[in-house]
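Below: entry_21.cif (mmCIF, C-alpha atoms; chains and numbers go by the auth columns)
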```cif
data_input
loop_
_atom_site.group_PDB
_atom_site.id
_atom_site.type_symbol
_atom_site.label_atom_id
_atom_site.label_comp_id
_atom_site.label_asym_id
_atom_site.label_seq_id
_atom_site.Cartn_x
_atom_site.Cartn_y
_atom_site.Cartn_z
_atom_site.B_iso_or_equiv
_atom_site.auth_seq_id
_atom_site.auth_asym_id
ATOM 1 C CA MET A 1 -1.982 -22.324 -33.108 0.00 1 B
ATOM 2 C CA ASP A 2 -0.352 -22.606 -36.521 0.00 2 B
ATOM 3 C CA THR A 3 -1.204 -18.980 -37.267 0.00 3 B
ATOM 4 C CA LEU A 4 0.328 -17.959 -33.943 0.00 4 B
ATOM 5 C CA HIS A 5 3.446 -19.966 -34.786 0.00 5 B
ATOM 6 C CA ILE A 6 3.711 -18.187 -38.151 0.00 6 B
ATOM 7 C CA LEU A 7 3.144 -14.747 -36.588 0.00 7 B
ATOM 8 C CA CYS A 8 5.698 -15.344 -33.829 0.00 8 B
ATOM 9 C CA GLY A 9 8.350 -17.177 -35.839 0.00 9 B
ATOM 10 C CA GLY A 10 11.767 -15.697 -35.129 0.00 10 B
ATOM 11 C CA LEU A 11 10.548 -13.411 -32.334 0.00 11 B
ATOM 12 C CA LYS A 12 11.894 -13.374 -28.816 0.00 12 B
ATOM 13 C CA MET A 13 9.589 -14.769 -26.125 0.00 13 B
ATOM 14 C CA TYR A 14 8.495 -11.369 -24.785 0.00 14 B
ATOM 15 C CA GLN A 15 7.831 -10.116 -28.334 0.00 15 B
ATOM 16 C CA ALA A 16 5.724 -13.210 -29.057 0.00 16 B
ATOM 17 C CA LEU A 17 3.777 -12.544 -25.838 0.00 17 B
ATOM 18 C CA MET A 18 2.974 -9.043 -27.102 0.00 18 B
ATOM 19 C CA VAL A 19 1.691 -10.480 -30.411 0.00 19 B
ATOM 20 C CA TYR A 20 -0.389 -13.098 -28.588 0.00 20 B
ATOM 21 C CA SER A 21 -1.845 -10.729 -25.981 0.00 21 B
ATOM 22 C CA SER A 22 -2.806 -8.131 -28.606 0.00 22 B
ATOM 23 C CA ASN A 23 -4.984 -10.681 -30.446 0.00 23 B
ATOM 24 C CA LEU A 24 -8.247 -11.084 -28.509 0.00 24 B
ATOM 25 C CA ASP A 25 -9.159 -14.192 -30.506 0.00 25 B
ATOM 26 C CA TYR A 26 -6.117 -16.044 -29.131 0.00 26 B
ATOM 27 C CA VAL A 27 -6.663 -14.719 -25.610 0.00 27 B
ATOM 28 C CA GLY A 28 -10.298 -15.850 -25.696 0.00 28 B
ATOM 29 C CA ARG A 29 -9.512 -19.353 -26.989 0.00 29 B
ATOM 30 C CA TYR A 30 -6.434 -19.910 -24.783 0.00 30 B
ATOM 31 C CA PRO A 31 -6.974 -17.868 -21.604 0.00 31 B
ATOM 32 C CA HIS A 32 -4.257 -19.611 -19.568 0.00 32 B
ATOM 33 C CA MET A 33 -1.500 -19.026 -22.113 0.00 33 B
ATOM 34 C CA ILE A 34 -0.625 -15.572 -20.776 0.00 34 B
ATOM 35 C CA LYS A 35 0.007 -16.953 -17.269 0.00 35 B
ATOM 36 C CA LEU A 36 2.095 -19.762 -18.745 0.00 36 B
ATOM 37 C CA TRP A 37 4.041 -17.291 -20.862 0.00 37 B
ATOM 38 C CA GLN A 38 4.674 -15.033 -17.876 0.00 38 B
ATOM 39 C CA ALA A 39 5.898 -17.999 -15.818 0.00 39 B
ATOM 40 C CA ILE A 40 8.299 -18.979 -18.591 0.00 40 B
ATOM 41 C CA LEU A 41 9.606 -15.424 -18.944 0.00 41 B
ATOM 42 C CA VAL A 42 10.426 -14.984 -15.234 0.00 42 B
ATOM 43 C CA ASN A 43 12.295 -18.269 -14.871 0.00 43 B
ATOM 44 C CA PRO A 44 16.009 -17.867 -15.414 0.00 44 B
ATOM 45 C CA ALA A 45 17.517 -19.856 -18.250 0.00 45 B
ATOM 46 C CA SER A 46 20.388 -20.973 -16.035 0.00 46 B
ATOM 47 C CA THR A 47 21.484 -21.023 -12.402 0.00 47 B
ATOM 48 C CA VAL A 48 24.506 -18.789 -12.983 0.00 48 B
ATOM 49 C CA SER A 49 23.167 -15.825 -11.003 0.00 49 B
ATOM 50 C CA CYS A 50 22.185 -18.050 -8.088 0.00 50 B
ATOM 51 C CA GLU A 51 25.595 -19.740 -8.057 0.00 51 B
ATOM 52 C CA ARG A 52 27.277 -16.322 -8.240 0.00 52 B
ATOM 53 C CA GLY A 53 25.272 -15.238 -5.197 0.00 53 B
ATOM 54 C CA PHE A 54 26.344 -18.300 -3.192 0.00 54 B
ATOM 55 C CA SER A 55 29.980 -17.735 -4.153 0.00 55 B
ATOM 56 C CA THR A 56 29.738 -14.102 -3.057 0.00 56 B
ATOM 57 C CA GLN A 57 28.136 -15.116 0.233 0.00 57 B
ATOM 58 C CA ASN A 58 30.865 -17.690 0.863 0.00 58 B
ATOM 59 C CA HIS A 59 33.516 -15.082 0.093 0.00 59 B
ATOM 60 C CA ILE A 60 31.987 -12.520 2.466 0.00 60 B
ATOM 61 C CA LYS A 61 31.027 -14.887 5.266 0.00 61 B
ATOM 62 C CA SER A 62 34.251 -16.798 5.715 0.00 62 B
ATOM 63 C CA THR A 63 35.561 -18.589 8.786 0.00 63 B
ATOM 64 C CA LEU A 64 37.173 -15.322 9.866 0.00 64 B
ATOM 65 C CA ARG A 65 33.846 -13.473 9.673 0.00 65 B
ATOM 66 C CA CYS A 66 31.371 -16.169 10.676 0.00 66 B
ATOM 67 C CA SER A 67 29.413 -14.086 13.184 0.00 67 B
ATOM 68 C CA LEU A 68 27.932 -11.547 10.762 0.00 68 B
ATOM 69 C CA VAL A 69 24.295 -10.777 11.447 0.00 69 B
ATOM 70 C CA LEU A 70 21.929 -11.336 8.529 0.00 70 B
ATOM 71 C CA GLU A 71 21.428 -7.601 7.875 0.00 71 B
ATOM 72 C CA THR A 72 25.175 -6.980 7.596 0.00 72 B
ATOM 73 C CA LEU A 73 25.681 -9.986 5.338 0.00 73 B
ATOM 74 C CA GLU A 74 22.787 -8.878 3.122 0.00 74 B
ATOM 75 C CA ALA A 75 24.128 -5.316 2.875 0.00 75 B
ATOM 76 C CA GLN A 76 27.615 -6.517 1.984 0.00 76 B
ATOM 77 C CA MET A 77 26.214 -8.904 -0.620 0.00 77 B
ATOM 78 C CA ARG A 78 24.162 -6.121 -2.218 0.00 78 B
ATOM 79 C CA VAL A 79 27.210 -3.860 -2.479 0.00 79 B
ATOM 80 C CA THR A 80 29.389 -6.683 -3.814 0.00 80 B
ATOM 81 C CA MET A 81 26.837 -7.984 -6.345 0.00 81 B
ATOM 82 C CA ALA A 82 26.066 -4.452 -7.588 0.00 82 B
ATOM 83 C CA LYS A 83 29.819 -3.817 -7.995 0.00 83 B
ATOM 84 C CA ILE A 84 29.507 -0.489 -6.212 0.00 84 B
ATOM 85 C CA PRO A 85 32.942 1.027 -5.500 0.00 85 B
ATOM 86 C CA ILE A 86 33.599 1.545 -1.799 0.00 86 B
ATOM 87 C CA GLU A 87 34.180 5.261 -2.422 0.00 87 B
ATOM 88 C CA ALA A 88 30.546 5.631 -3.528 0.00 88 B
ATOM 89 C CA CYS A 89 29.147 4.178 -0.285 0.00 89 B
ATOM 90 C CA GLU A 90 27.773 6.492 2.365 0.00 90 B
ATOM 91 C CA PRO A 91 28.388 4.722 5.672 0.00 91 B
ATOM 92 C CA LYS A 92 26.140 5.287 8.650 0.00 92 B
ATOM 93 C CA ALA A 93 27.639 6.806 11.751 0.00 93 B
ATOM 94 C CA VAL A 94 30.042 4.219 13.077 0.00 94 B
ATOM 95 C CA PRO A 95 30.123 3.873 16.846 0.00 95 B
ATOM 96 C CA THR A 96 33.564 4.316 18.316 0.00 96 B
ATOM 97 C CA PHE A 97 35.217 1.509 20.214 0.00 97 B
ATOM 98 C CA SER A 98 36.390 2.188 23.715 0.00 98 B
ATOM 99 C CA PRO A 99 38.479 -0.476 25.454 0.00 99 B
ATOM 100 C CA SER A 100 37.105 0.635 28.822 0.00 100 B
ATOM 101 C CA LEU A 101 33.499 0.035 27.711 0.00 101 B
ATOM 102 C CA GLY A 102 34.134 -3.196 25.844 0.00 102 B
ATOM 103 C CA ASN A 103 32.777 -4.057 22.427 0.00 103 B
ATOM 104 C CA HIS A 104 29.129 -2.907 22.105 0.00 104 B
#
```

File written out as structure tokens:
Amino acid sequence: MDTLHILCGGLKMYQALMVYSSNLDYVGRYPHMIKLWQAILVNPASTVSCERGFSTQNHIKSTLRCSLVLETLEAQMRVTMAKIPIEACEPKAVPTFSPSLGNH
């Protein structure tokens, strides 16, 4: 592993993975390292994005709008998190409200 440490010194994790996976000697001697490396690379370094998602959800689904169905909440969260301007959204046909029919 010392040679691997020397080869990968100063590289980012994904760059070190490329060095490791291109050397069949390392892959043969340490077959589980690639799975470990991949697991490390997909784990976020912090919980900031998760916390941001909860804050967005709490902002959208407030006490005034507590009866949103899951699909509507998810769609609003996607738009909000992607920072898509409302002008760029293409709404579906919105049913009209008729007081004589009630709210459908």

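When CA of Pro85 in chain B is paired with CA of Thr72 in chain B, their separation reads 17.2 Å.
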
(message) Could you list, as a PyMOL selection string, every residue within 10 Å of range 35-41 of chain B, counting all atoms listed in the file and ignoring same-chain residues fewer than 3 positions away?
(response) chain B and resi 13-14+16-17+20+31-32+44-45

Can you write just those residues out, C-alpha atoms, as a PDB file, in the coordinates of the input?
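Result file result.pdb:
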```pdb
ATOM      1  CA  MET B  13       9.589 -14.769 -26.125  1.00  0.00           C
ATOM      2  CA  TYR B  14       8.495 -11.369 -24.785  1.00  0.00           C
ATOM      3  CA  ALA B  16       5.724 -13.210 -29.057  1.00  0.00           C
ATOM      4  CA  LEU B  17       3.777 -12.544 -25.838  1.00  0.00           C
ATOM      5  CA  TYR B  20      -0.389 -13.098 -28.588  1.00  0.00           C
ATOM      6  CA  PRO B  31      -6.974 -17.868 -21.604  1.00  0.00           C
ATOM      7  CA  HIS B  32      -4.257 -19.611 -19.568  1.00  0.00           C
ATOM      8  CA  PRO B  44      16.009 -17.867 -15.414  1.00  0.00           C
ATOM      9  CA  ALA B  45      17.517 -19.856 -18.250  1.00  0.00           C
TER      10      ALA B  45
END
```

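Rounded to one decimal, CA of Ala88 in chain B and CA of Ser55 in chain B lie 23.4 Å from each other.
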
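The gap separating CA of Ser49 in chain B from CA of Arg78 in chain B is 13.1 Å, in Å to one decimal.
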
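Closest to Met33 in chain B among B:Lys83, B:Leu73, B:Ser21, B:Gly10 is B:Ser21, based on only C-alpha atoms.
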
(message) As a check of understanding, name the residues that the PyMOL selection byres ((chain B and resi 60) around 12) selects in the supplied structure, as a ChimeraX atom specification.
(response) /B:53-59,61-70,72-81
